[in-house]
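Participant: Please read through the structure below; I'll follow up with questions.
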Amino acid sequence: MMASDTPISKQRFTSRWGMLLAVLGMAVGTGNIWRFPRIAATNSGDDGAGAFLIAWLVFLFVWSIPLIIAEYALGRKGRLGVIGTFTKLAGDRYSWMGAFCVFVAAAILFYYTVVAGWCFFYLGRMVFQGPDLSIAAAQGAWDGFQSSYFPVLFHALAVGLGSWAVWKGVRGIERVNKVLVPALLVIVVIALFRTFFLEGAGEGLAFLFTPDWSTLSYPKLWLEALTQNAWDTGAGWGLVLTYGAYMQSRHGVVQNAVITGAGNNTVSLFAGMIIFGTVFAILGTEMSRPEVLEIMQSSGPAATGLTFIWMPQLFATMPGGHVFAILFFLGLSCAALSSLISMIEIVVRSVIDFGVNRSHAIIGVSLAVLVLGIPSAINLGFFENQDFVWGLALIISGAFMAFVVIRQGARSFREKEIDNLSSDWSCGRSWDIMMNYIVPVLACALLGWWLWLSGTVYAPDTWYNPLDTFSLMTCIAQWGAVIGILLVLNRMISKRILSINQ
């Protein structure tokens with residue numbers, strides 16, 4: 001059976017609404033729910049986390065939305081996957097850049113399926129057993145889960161569900177997201193409404209939005225605000241570009257980009273309000289503010305402590321907590337699956353551009369993800385390393401996306417591909433400035449800043465050790481190895497892409 005009866009080059013989203021839901025499904029993921037609250041707490045000051053929110057919102061408008069605009073337009077113009085788009089629009093010497101962007105997304109996919117598996121497991125656990133009644137029991141449940149074969153089994157389940165969703169191409173992706181995204185939004189709104197009525201939640205909400213201005217002088221806050229915004233929105237991953245290839249020509253990109261970025265960040269804020277409000281409401285009666293923050297900040301890899309140990313226990317102490325625990329993990333599972341679909345599609349579409357038919361591409365990619373995700377499923381240390389290395393690499397991917405625009409001339413590209421529809425907004429010359437200067441400068445400055453601080457402040461004693469989980473050298477070694485291999489293969493990649501997609 002063919003994965004799709006329509007040639008890949010002719011597949012389109014049936015409506016703008018369907019496309020927006022698919023892209024929102026891509027952008028709104030577990031990073032909004034399990035990652036954003038922990039990063040906000042980690043970068044808070046004594047008075048609150050509001051300064052981090054300011055930096056995070058700044059990057060929404062100077063990094064994420066400009067890059068999302070670029071990706072929509074590049075995808076609509078090229079009608080290919082990321083590697084094909086780089087080859088066609090930037091030139092065959094730069095195919096390796098597109099391949100690097102795809103590899104970064106694939107590397108994140110290898111451990112993201114593990115997180116999705118955790119969500120599915122805990123959803124089942126909440127349905128059939130309910131939340132644990134003590135921290136010791138919740139910790140024991142997590143430890144028992146991690147020491148079993150269940151992480152691998154649920155990782156495989158996540159791979160299977162994601163592959164099934166993309167099997168029929170863009171129509172299947174559109175249909176699945178028409179269910180997942182509205183369901184997720186309804187669950188988030190219900191949980192937020194419930195949070196407002198928790199006694200003590202107001203203190204958590206006030207802390208989230210109160211700025212401690214002194215923290216804006218910390219380089220780490222700005223770096224984490226940028227990487228979190230890239231995680232939040234999917235800007236620079238190539239995911240929006242891949243979906244942009246399925247846009248109808250009459251659909252503009254600026255309004256869609258603003259809706260994508262703003263809608264996604266709104267969900268993140270709602271999730272932050274739910275987590276901060278719930279944690280302060282329940283723990284604030286027993287602990288001081290520093291103790292509550294310590295739990296939120298030191299919650300383990302991928303916020304395992306906060307999301308999978310503390311949150312179920314907190315729900316257990318609430319009236320109707322069993323129901324809200326189910327809703328919370330149902331929403332988390334919907335978010336995980338909707339983002340997982342887009343990550344699989346970016347890799348599948350890139351393989352298709354090499355001349356492989358869709359069904360074979362999906363099977364091959366699924367088997368690769370299944371095998372290469374196992375190390376993260378069985379070893380949280382390896383998981384942490386991959387999250388660290390490839391999360392930072394999103395900054396490089398974003399710079400490469402800007403490079404494609406610069407190669408064509410930002411002003412010329414904008415006038416021909418973006419500001420050309422009367423039904424859409426115009427982004428104007430400010431977008432040219434952002435793509436020509438602000439995005440590249442931010443990428444170089446923040447990445448260079450982090451590399452220097454990592455070697456001199458954060459890990460001065462282990463910076464040279466590539467086997468250390470958070471060392472400077474582990475990033476340089478892994479990035480360098482991938483880029484080196486892709487440079488060697490660049491000519492072969494570009495020739496194959498051009499011969500198939502004339």
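Here's how to read the names in the structure tokens: chain A, B, ... by the order shown, residue numbers from 1 in each chain, ligand numbers from 1 in the order shown.
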DSSP on the backbone: what in range 159-386 of chain A comes out helix (DSSP H, G or I), as number ranges by chain?
Facilitator: A: 159-166, 170-196, 201-209, 213-217, 219-233, 239-244, 254-283, 289-297, 301-316, 321-352, 358-372, 374-378, 380-386
Participant: Give me, as a list in words, all polymer residues having an atom no more than 12 Å from Val254 in chain A, counting only C-alpha atoms and skipping those fewer than 3 positions away in the same chain.
Facilitator: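 The neighbour list is Ile65, Pro66, Leu67, Ile68, Ile69, Ala70, Glu71, Tyr72, Ala73, His251, Ala257, Val258, Ile259, Thr260, Gly261, Arg414, Glu417, Ile418, Asp419, Asn420, Leu421, Ser422, Ser423, Asp424, Trp425, Ser426, Cys427, Gly428 and Trp431 of chain A.
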Participant: Quick one: residues within 12 Å of Val457 in chain A, only C-alpha atoms, excluding same-chain residues fewer than 6 positions away - as a VMD selection string?
Facilitator: chain A and resid 219 to 220 449 to 451 463 471 to 472
Participant: What's around Thr227 in chain A at 8 Å? Count only C-alpha atoms, leave out sequence neighbours fewer than 6 positions away in its own chain, and write the answer as a VMD selection string.
Facilitator: chain A and resid 391 to 392 394 to 395
Participant: Between A:Phe209, A:Trp231, A:Phe100, A:Phe193, which one has atoms that come closest to Gly272 in chain A, using only C-alpha atoms?
Facilitator: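 Going through A:Phe209, A:Trp231, A:Phe100, A:Phe193 one by one, the smallest distance to Gly272 in chain A is for A:Phe209.
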Participant: Using only C-alpha atoms, which residues sit within 10 Å of Gln386 in chain A once same-chain residues fewer than 2 positions away are excluded, as JSON, numbers by chain?
Facilitator: {"A": [107, 108, 110, 111, 376, 380, 381, 382, 383, 384, 388, 389, 390, 391, 392, 469, 470, 474, 475, 478]}
Participant: If you keep N, CA, C and O atoms, can you produce a file of those selected residues as a PDB file, in the first residue's frame?
Facilitator:
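Written out: again37.pdb:
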```pdb
ATOM      1  N   ALA A 107      18.314  14.408  15.632  1.00  0.00           N
ATOM      2  CA  ALA A 107      18.964  14.098  16.910  1.00  0.00           C
ATOM      3  C   ALA A 107      18.031  14.394  18.079  1.00  0.00           C
ATOM      4  O   ALA A 107      17.987  13.653  19.070  1.00  0.00           O
ATOM      5  N   ILE A 108      17.271  15.488  17.975  1.00  0.00           N
ATOM      6  CA  ILE A 108      16.281  15.801  19.010  1.00  0.00           C
ATOM      7  C   ILE A 108      15.150  14.774  18.983  1.00  0.00           C
ATOM      8  O   ILE A 108      14.656  14.332  20.028  1.00  0.00           O
ATOM      9  N   PHE A 110      15.374  11.678  18.280  1.00  0.00           N
ATOM     10  CA  PHE A 110      15.814  10.411  18.868  1.00  0.00           C
ATOM     11  C   PHE A 110      15.530  10.333  20.364  1.00  0.00           C
ATOM     12  O   PHE A 110      15.303   9.244  20.895  1.00  0.00           O
ATOM     13  N   TYR A 111      15.562  11.492  21.052  1.00  0.00           N
ATOM     14  CA  TYR A 111      15.233  11.430  22.482  1.00  0.00           C
ATOM     15  C   TYR A 111      13.859  12.010  22.793  1.00  0.00           C
ATOM     16  O   TYR A 111      13.307  11.779  23.868  1.00  0.00           O
ATOM     17  N   SER A 376      18.921   6.825  24.872  1.00  0.00           N
ATOM     18  CA  SER A 376      18.283   7.830  25.727  1.00  0.00           C
ATOM     19  C   SER A 376      17.183   7.219  26.585  1.00  0.00           C
ATOM     20  O   SER A 376      16.903   7.703  27.688  1.00  0.00           O
ATOM     21  N   LEU A 380      19.557   8.060  31.447  1.00  0.00           N
ATOM     22  CA  LEU A 380      19.185   9.469  31.565  1.00  0.00           C
ATOM     23  C   LEU A 380      20.386  10.393  31.395  1.00  0.00           C
ATOM     24  O   LEU A 380      20.230  11.548  30.978  1.00  0.00           O
ATOM     25  N   GLY A 381      21.588   9.919  31.713  1.00  0.00           N
ATOM     26  CA  GLY A 381      22.781  10.728  31.494  1.00  0.00           C
ATOM     27  C   GLY A 381      23.000  11.003  30.011  1.00  0.00           C
ATOM     28  O   GLY A 381      23.318  12.130  29.607  1.00  0.00           O
ATOM     29  N   PHE A 382      22.834   9.975  29.189  1.00  0.00           N
ATOM     30  CA  PHE A 382      22.953  10.152  27.743  1.00  0.00           C
ATOM     31  C   PHE A 382      21.846  11.072  27.241  1.00  0.00           C
ATOM     32  O   PHE A 382      22.078  11.937  26.389  1.00  0.00           O
ATOM     33  N   PHE A 383      20.649  10.902  27.769  1.00  0.00           N
ATOM     34  CA  PHE A 383      19.515  11.755  27.425  1.00  0.00           C
ATOM     35  C   PHE A 383      19.857  13.220  27.690  1.00  0.00           C
ATOM     36  O   PHE A 383      19.646  14.091  26.838  1.00  0.00           O
ATOM     37  N   GLU A 384      20.380  13.523  28.884  1.00  0.00           N
ATOM     38  CA  GLU A 384      20.732  14.894  29.245  1.00  0.00           C
ATOM     39  C   GLU A 384      21.763  15.471  28.279  1.00  0.00           C
ATOM     40  O   GLU A 384      21.680  16.638  27.883  1.00  0.00           O
ATOM     41  N   PHE A 388      21.214  18.688  25.795  1.00  0.00           N
ATOM     42  CA  PHE A 388      22.124  19.827  25.942  1.00  0.00           C
ATOM     43  C   PHE A 388      22.788  20.175  24.611  1.00  0.00           C
ATOM     44  O   PHE A 388      22.740  21.322  24.148  1.00  0.00           O
ATOM     45  N   VAL A 389      23.377  19.193  23.953  1.00  0.00           N
ATOM     46  CA  VAL A 389      24.156  19.428  22.736  1.00  0.00           C
ATOM     47  C   VAL A 389      23.277  19.916  21.587  1.00  0.00           C
ATOM     48  O   VAL A 389      23.576  20.928  20.936  1.00  0.00           O
ATOM     49  N   TRP A 390      22.178  19.217  21.333  1.00  0.00           N
ATOM     50  CA  TRP A 390      21.388  19.531  20.142  1.00  0.00           C
ATOM     51  C   TRP A 390      20.377  20.632  20.382  1.00  0.00           C
ATOM     52  O   TRP A 390      19.920  21.277  19.433  1.00  0.00           O
ATOM     53  N   GLY A 391      20.040  20.899  21.659  1.00  0.00           N
ATOM     54  CA  GLY A 391      19.242  22.083  21.961  1.00  0.00           C
ATOM     55  C   GLY A 391      20.019  23.355  21.631  1.00  0.00           C
ATOM     56  O   GLY A 391      19.494  24.288  21.014  1.00  0.00           O
ATOM     57  N   LEU A 392      21.299  23.394  21.999  1.00  0.00           N
ATOM     58  CA  LEU A 392      22.151  24.533  21.659  1.00  0.00           C
ATOM     59  C   LEU A 392      22.372  24.639  20.154  1.00  0.00           C
ATOM     60  O   LEU A 392      22.497  25.736  19.603  1.00  0.00           O
ATOM     61  N   THR A 469      29.097  15.219  30.409  1.00  0.00           N
ATOM     62  CA  THR A 469      27.743  15.478  29.918  1.00  0.00           C
ATOM     63  C   THR A 469      27.545  16.906  29.442  1.00  0.00           C
ATOM     64  O   THR A 469      26.922  17.150  28.407  1.00  0.00           O
ATOM     65  N   PHE A 470      28.079  17.889  30.178  1.00  0.00           N
ATOM     66  CA  PHE A 470      27.798  19.294  29.870  1.00  0.00           C
ATOM     67  C   PHE A 470      29.063  20.091  29.542  1.00  0.00           C
ATOM     68  O   PHE A 470      29.105  21.298  29.753  1.00  0.00           O
ATOM     69  N   THR A 474      32.139  18.436  24.489  1.00  0.00           N
ATOM     70  CA  THR A 474      31.132  17.482  24.011  1.00  0.00           C
ATOM     71  C   THR A 474      30.308  18.102  22.890  1.00  0.00           C
ATOM     72  O   THR A 474      29.928  17.429  21.932  1.00  0.00           O
ATOM     73  N   CYS A 475      30.038  19.424  22.979  1.00  0.00           N
ATOM     74  CA  CYS A 475      29.328  20.113  21.900  1.00  0.00           C
ATOM     75  C   CYS A 475      30.205  20.231  20.658  1.00  0.00           C
ATOM     76  O   CYS A 475      29.784  19.877  19.550  1.00  0.00           O
ATOM     77  N   GLN A 478      30.753  16.785  18.888  1.00  0.00           N
ATOM     78  CA  GLN A 478      29.597  16.241  18.182  1.00  0.00           C
ATOM     79  C   GLN A 478      29.192  17.115  16.995  1.00  0.00           C
ATOM     80  O   GLN A 478      28.915  16.610  15.909  1.00  0.00           O
TER      81      GLN A 478
END
```
Participant: Quick one: residues within 8 Å of Leu161 in chain A, only C-alpha atoms, excluding same-chain residues fewer than 4 positions away - as a short mmCIF file (atom, residue, chain, number, x, y, z; two decimals) with all heavy atoms, in the first residue's frame?
Facilitator:
```cif
data_model
loop_
_atom_site.label_atom_id
_atom_site.label_comp_id
_atom_site.auth_asym_id
_atom_site.auth_seq_id
_atom_site.Cartn_x
_atom_site.Cartn_y
_atom_site.Cartn_z
N LEU A 157 6.27 2.74 21.22
CA LEU A 157 4.87 3.13 21.00
C LEU A 157 4.80 4.53 20.39
O LEU A 157 4.02 4.78 19.45
CB LEU A 157 4.09 3.09 22.32
CG LEU A 157 2.65 3.62 22.27
CD1 LEU A 157 1.79 2.77 21.34
CD2 LEU A 157 2.06 3.66 23.68
N ALA A 165 0.73 8.54 12.01
CA ALA A 165 0.11 9.84 11.73
C ALA A 165 0.62 10.45 10.43
O ALA A 165 -0.13 11.16 9.74
CB ALA A 165 0.36 10.79 12.89
N LEU A 337 2.70 14.21 21.01
CA LEU A 337 2.44 13.55 19.74
C LEU A 337 2.37 14.55 18.58
O LEU A 337 2.91 14.29 17.49
CB LEU A 337 1.14 12.75 19.81
CG LEU A 337 0.76 11.95 18.57
CD1 LEU A 337 1.87 10.98 18.18
CD2 LEU A 337 -0.55 11.19 18.81
#
```
Participant: Using CA of Asn379 in chain A and CA of Phe154 in chain A as the two end points, give the distance in Å to one decimal.
Facilitator: 14.6 Å
Participant: Work out how far CA of Ala402 in chain A is from CA of Ser430 in chain A, in Å to one decimal.
Facilitator: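 CA of Ala402 in chain A lies at a distance of 14.2 Å from CA of Ser430 in chain A.
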Participant: Could you pull the residues within 10 Å of Ala245 in chain A, counting only C-alpha atoms, minus those fewer than 6 positions along the same chain, as a list of chain:residue names?
Facilitator: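 Contacts, in chain order: A:Ile8, A:Ser9, A:Lys10, A:Gln11, A:Arg12, A:Phe13, A:Glu71, A:Tyr72, A:Ala73, A:Leu74, A:Gly75, A:Arg76, A:Lys77, A:Gly78, A:Arg79, A:Leu80, A:Gly81, A:Val82, A:Thr85, A:Arg349.
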Participant: So that each row is one residue of range 76-164 of chain A with an atom at most 12 Å from range 16-29 of chain A, can you give its shortest atom pair and the distance in Å to one decimal, using only C-alpha atoms, rows by chain and rising number, as a tab-separated table?
Facilitator:
```
residue	atom	partner	partner_atom	distance
A:Tyr112	CA	A:Gly29	CA	10.1
A:Thr113	CA	A:Gly29	CA	11.8
A:Val115	CA	A:Gly29	CA	10.7
A:Ala116	CA	A:Gly29	CA	9.7
A:Cys119	CA	A:Gly29	CA	11.4
```
Participant: For Pro211 in chain A, which of A:Ser44, A:Ser288, A:Gln129, A:Ser148 is the closest residue, counting only C-alpha atoms?
Facilitator: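 Closest to Pro211 in chain A, using only C-alpha atoms: A:Ser44.
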Participant: Pick from A:Val179, A:Leu208, A:Ile346, A:Ile363: nearest to Ile54 in chain A, with only C-alpha atoms counted?
Facilitator: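 Once distances to Ile54 in chain A are computed over only C-alpha atoms, the minimum belongs to A:Leu208.
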